[in-house]
Amino acid sequence: MKTNLSLVSIIFCAIFFLIHIAIYAQRAEVSLGVPVFNNVYVHFEKPISKWKNISFTSSAAYKFHADNDIRFGELFFSSVIKSNSIRRTKFDVGLRSYLVKFDRQKWLNMYVGASFLVGKMSREFNDYRLNIPKDSLTQKAVYFGPEFTTGLKIIILKKIIITPVLGLAYFFKSDNSENISKKAELWYARDWFDGEILNHNNTEARRKDFINSGFGWTPNIYLNIGYKF
């Protein structure tokens with residue numbers, strides 16, 4: 001099943017890329033993300049001719065299997081997740097408004113943006129050797145919603161693009177998390193580094209917080225590193 005889902009994701013991404021390459025071959029800026037922290041992405045951007053400081057953007061990204069938590073953005077993705085693995089696929093379209101007109105930007109430009117995002121997520125919670133069935137530790141969801149961002153676009157040697165971004169999104173989700181284990185030991189508050197138990201209380205509330213993390217109102221921190229073609 002996982003192989004089929006991965007194959008569908010790859011095919012969908014390939015079609016997505018081909019369509020955009022065909023549509024935006026003229027005057028479009030295309031950048032491919034460097035696969036840092038198991039992330040890879042393609043970003044398309046094209047200025048709107050009537051307002052040259054405003055551009056249309058679209059992107060697609062995929063995060064491979066990753067061990068341990070990455071709590072400050074996961075580069076192109078973002079979440080605060082108690083898990084030992086995560087996979088994400090996401091697509092978005094939006095607009096950016098730059099301080100400097102698109103055709104005059106040199107090595108640094110600031111922008112604000114808005115986009116609509118659709119994504120698919122699968123994550124596995126760490127069972128701390130509690131021998132919980134894997135099906136009761138796996139959460140899958142399709143999520144979607146608007147995102148508002150502000151960031152810097154840094155261009156080095158006319159080809160390398162670094163984009164630190166601060167964002168705020170509201171993500172709806174379409175999953176039923178009742179299958180996730182309610183075993184109290186799984187939801188004890190633990191030390192970040194060694195997993196030592198810090199608090200045995202409020203496990204039900206903590207479970208709810210964790211399975212809903214990354215949805216609803218979500219502050220995001222991105223650091224995208226790419227190569228411009």
# chains A, B, ... in the order shown; residues from 1 in each chain; ligands from 1
$ select_by_dssp --residues "segment 82-158 of chain A" --states "strand (DSSP E or B)" --output "PyMOL selection string"
chain A and resi 85-98+108-124+138-156
$ write_last_selection --atoms "N, CA and C atoms" --output "tab-separated table (two decimals), in the first residue's frame"
chain	number	residue	atom	x	y	z
A	85	SER	N	8.90	9.25	12.49
A	85	SER	CA	8.97	9.29	11.03
A	85	SER	C	7.82	10.09	10.47
A	86	ILE	N	8.04	10.72	9.34
A	86	ILE	CA	7.00	11.53	8.71
A	86	ILE	C	7.23	11.58	7.20
A	87	ARG	N	6.14	11.54	6.47
A	87	ARG	CA	6.19	11.74	5.02
A	87	ARG	C	5.13	12.77	4.67
A	88	ARG	N	5.48	13.70	3.81
A	88	ARG	CA	4.53	14.72	3.40
A	88	ARG	C	4.67	15.00	1.91
A	89	THR	N	3.55	15.25	1.26
A	89	THR	CA	3.52	15.73	-0.11
A	89	THR	C	2.64	16.97	-0.11
A	90	LYS	N	3.07	18.05	-0.76
A	90	LYS	CA	2.23	19.24	-0.76
A	90	LYS	C	2.34	20.00	-2.07
A	91	PHE	N	1.24	20.68	-2.42
A	91	PHE	CA	1.15	21.51	-3.62
A	91	PHE	C	0.49	22.83	-3.22
A	92	ASP	N	0.96	23.92	-3.79
A	92	ASP	CA	0.31	25.18	-3.48
A	92	ASP	C	0.41	26.16	-4.65
A	93	VAL	N	-0.52	27.09	-4.68
A	93	VAL	CA	-0.51	28.18	-5.66
A	93	VAL	C	-0.78	29.47	-4.89
A	94	GLY	N	-0.20	30.59	-5.35
A	94	GLY	CA	-0.41	31.83	-4.61
A	94	GLY	C	0.16	33.04	-5.32
A	95	LEU	N	0.24	34.13	-4.58
A	95	LEU	CA	0.77	35.40	-5.08
A	95	LEU	C	1.80	35.93	-4.10
A	96	ARG	N	2.81	36.63	-4.64
A	96	ARG	CA	3.79	37.33	-3.82
A	96	ARG	C	3.85	38.79	-4.26
A	97	SER	N	3.97	39.68	-3.31
A	97	SER	CA	4.15	41.10	-3.59
A	97	SER	C	5.53	41.51	-3.06
A	98	TYR	N	6.43	41.92	-3.97
A	98	TYR	CA	7.80	42.27	-3.61
A	98	TYR	C	7.95	43.78	-3.39
A	108	LEU	N	18.86	40.67	-3.09
A	108	LEU	CA	18.01	40.61	-1.91
A	108	LEU	C	16.69	41.32	-2.17
A	109	ASN	N	15.61	40.68	-1.81
A	109	ASN	CA	14.29	41.27	-1.98
A	109	ASN	C	13.38	40.74	-0.87
A	110	MET	N	12.47	41.57	-0.40
A	110	MET	CA	11.51	41.16	0.63
A	110	MET	C	10.13	41.08	0.02
A	111	TYR	N	9.31	40.15	0.54
A	111	TYR	CA	7.96	40.01	-0.01
A	111	TYR	C	6.97	39.60	1.07
A	112	VAL	N	5.69	39.80	0.76
A	112	VAL	CA	4.59	39.21	1.52
A	112	VAL	C	3.80	38.38	0.52
A	113	GLY	N	3.19	37.31	0.98
A	113	GLY	CA	2.50	36.44	0.05
A	113	GLY	C	1.29	35.76	0.67
A	114	ALA	N	0.47	35.21	-0.19
A	114	ALA	CA	-0.69	34.41	0.22
A	114	ALA	C	-0.82	33.26	-0.74
A	115	SER	N	-1.18	32.10	-0.23
A	115	SER	CA	-1.31	30.93	-1.10
A	115	SER	C	-2.36	29.98	-0.54
A	116	PHE	N	-2.76	29.03	-1.39
A	116	PHE	CA	-3.66	27.96	-0.96
A	116	PHE	C	-2.92	26.66	-1.12
A	117	LEU	N	-2.95	25.84	-0.09
A	117	LEU	CA	-2.12	24.64	-0.04
A	117	LEU	C	-2.98	23.39	0.12
A	118	VAL	N	-2.57	22.32	-0.57
A	118	VAL	CA	-3.17	21.00	-0.41
A	118	VAL	C	-2.04	20.02	-0.16
A	119	GLY	N	-2.18	19.15	0.83
A	119	GLY	CA	-1.11	18.22	1.13
A	119	GLY	C	-1.59	16.89	1.67
A	120	LYS	N	-0.69	15.93	1.69
A	120	LYS	CA	-0.96	14.60	2.24
A	120	LYS	C	0.14	14.27	3.24
A	121	MET	N	-0.24	13.77	4.38
A	121	MET	CA	0.72	13.52	5.45
A	121	MET	C	0.52	12.13	6.04
A	122	SER	N	1.65	11.50	6.37
A	122	SER	CA	1.63	10.24	7.10
A	122	SER	C	2.72	10.31	8.16
A	123	ARG	N	2.37	10.03	9.42
A	123	ARG	CA	3.37	10.07	10.47
A	123	ARG	C	3.15	8.92	11.45
A	124	GLU	N	4.24	8.46	12.04
A	124	GLU	CA	4.19	7.38	13.01
A	124	GLU	C	4.68	7.89	14.36
A	138	THR	N	-0.03	5.02	13.67
A	138	THR	CA	0.10	5.69	12.38
A	138	THR	C	-1.08	6.60	12.11
A	139	GLN	N	-0.79	7.84	11.77
A	139	GLN	CA	-1.81	8.82	11.44
A	139	GLN	C	-1.63	9.28	10.00
A	140	LYS	N	-2.71	9.26	9.22
A	140	LYS	CA	-2.68	9.72	7.84
A	140	LYS	C	-3.75	10.78	7.66
A	141	ALA	N	-3.45	11.78	6.85
A	141	ALA	CA	-4.43	12.85	6.65
A	141	ALA	C	-4.16	13.56	5.34
A	142	VAL	N	-5.24	14.06	4.74
A	142	VAL	CA	-5.16	15.04	3.67
A	142	VAL	C	-5.52	16.37	4.31
A	143	TYR	N	-4.73	17.40	4.07
A	143	TYR	CA	-4.98	18.69	4.70
A	143	TYR	C	-4.94	19.80	3.65
A	144	PHE	N	-5.62	20.90	3.92
A	144	PHE	CA	-5.70	21.99	2.94
A	144	PHE	C	-6.08	23.27	3.66
A	145	GLY	N	-5.74	24.39	3.04
A	145	GLY	CA	-6.09	25.67	3.64
A	145	GLY	C	-5.22	26.80	3.16
A	146	PRO	N	-5.52	28.03	3.59
A	146	PRO	CA	-4.74	29.21	3.18
A	146	PRO	C	-3.50	29.39	4.05
A	147	GLU	N	-2.51	30.04	3.48
A	147	GLU	CA	-1.29	30.37	4.22
A	147	GLU	C	-0.83	31.77	3.84
A	148	PHE	N	-0.41	32.53	4.85
A	148	PHE	CA	0.07	33.89	4.64
A	148	PHE	C	1.52	33.95	5.09
A	149	THR	N	2.38	34.53	4.25
A	149	THR	CA	3.80	34.48	4.52
A	149	THR	C	4.47	35.85	4.33
A	150	THR	N	5.60	36.01	4.96
A	150	THR	CA	6.50	37.12	4.69
A	150	THR	C	7.90	36.54	4.71
A	151	GLY	N	8.73	37.00	3.77
A	151	GLY	CA	10.05	36.40	3.70
A	151	GLY	C	11.04	37.22	2.92
A	152	LEU	N	12.26	36.71	2.86
A	152	LEU	CA	13.33	37.30	2.10
A	152	LEU	C	13.72	36.36	0.97
A	153	LYS	N	14.02	36.92	-0.17
A	153	LYS	CA	14.52	36.14	-1.29
A	153	LYS	C	15.96	36.57	-1.53
A	154	ILE	N	16.89	35.68	-1.27
A	154	ILE	CA	18.32	35.97	-1.40
A	154	ILE	C	18.86	35.20	-2.60
A	155	ILE	N	19.46	35.90	-3.54
A	155	ILE	CA	20.01	35.27	-4.74
A	155	ILE	C	21.53	35.39	-4.71
A	156	ILE	N	22.22	34.27	-4.75
A	156	ILE	CA	23.68	34.24	-4.71
A	156	ILE	C	24.21	33.74	-6.05
$ residues_around --residues "Tyr41 of chain A" --least-positions-apart "2" --cutoff "6 Å" --atoms "only C-alpha atoms" --output "PyMOL selection string"
chain A and resi 32-33+60-61
$ closest_residue --among "A:Leu130, A:Leu186, A:Thr57, A:Lys52" --to "Ala28 of chain A" --atoms "only C-alpha atoms"
A:Thr57
$ select_by_dssp --residues "segment 117-204 of chain A" --states "helix (DSSP H, G or I)" --output "count of residues only"
12
$ atom_distance --atom1 "atom CA of Asp103 of chain A" --atom2 "atom CA of Pro164 of chain A"
20.7 Å
$ atom_distance --atom1 "atom CA of Gly216 of chain A" --atom2 "atom CA of Leu166 of chain A"
16.6 Å
$ atom_distance --atom1 "atom CA of Phe102 of chain A" --atom2 "atom CA of Asn53 of chain A"
5.3 Å
$ closest_residue --among "A:Arg129, A:Glu204, A:Tyr222, A:Trp187" --to "Val165 of chain A" --atoms "only C-alpha atoms"
A:Tyr222
$ residues_around --residues "Ser181 of chain A" --least-positions-apart "5" --cutoff "8 Å" --atoms "only C-alpha atoms" --output "ChimeraX atom specification"
/A:132,136-137,186
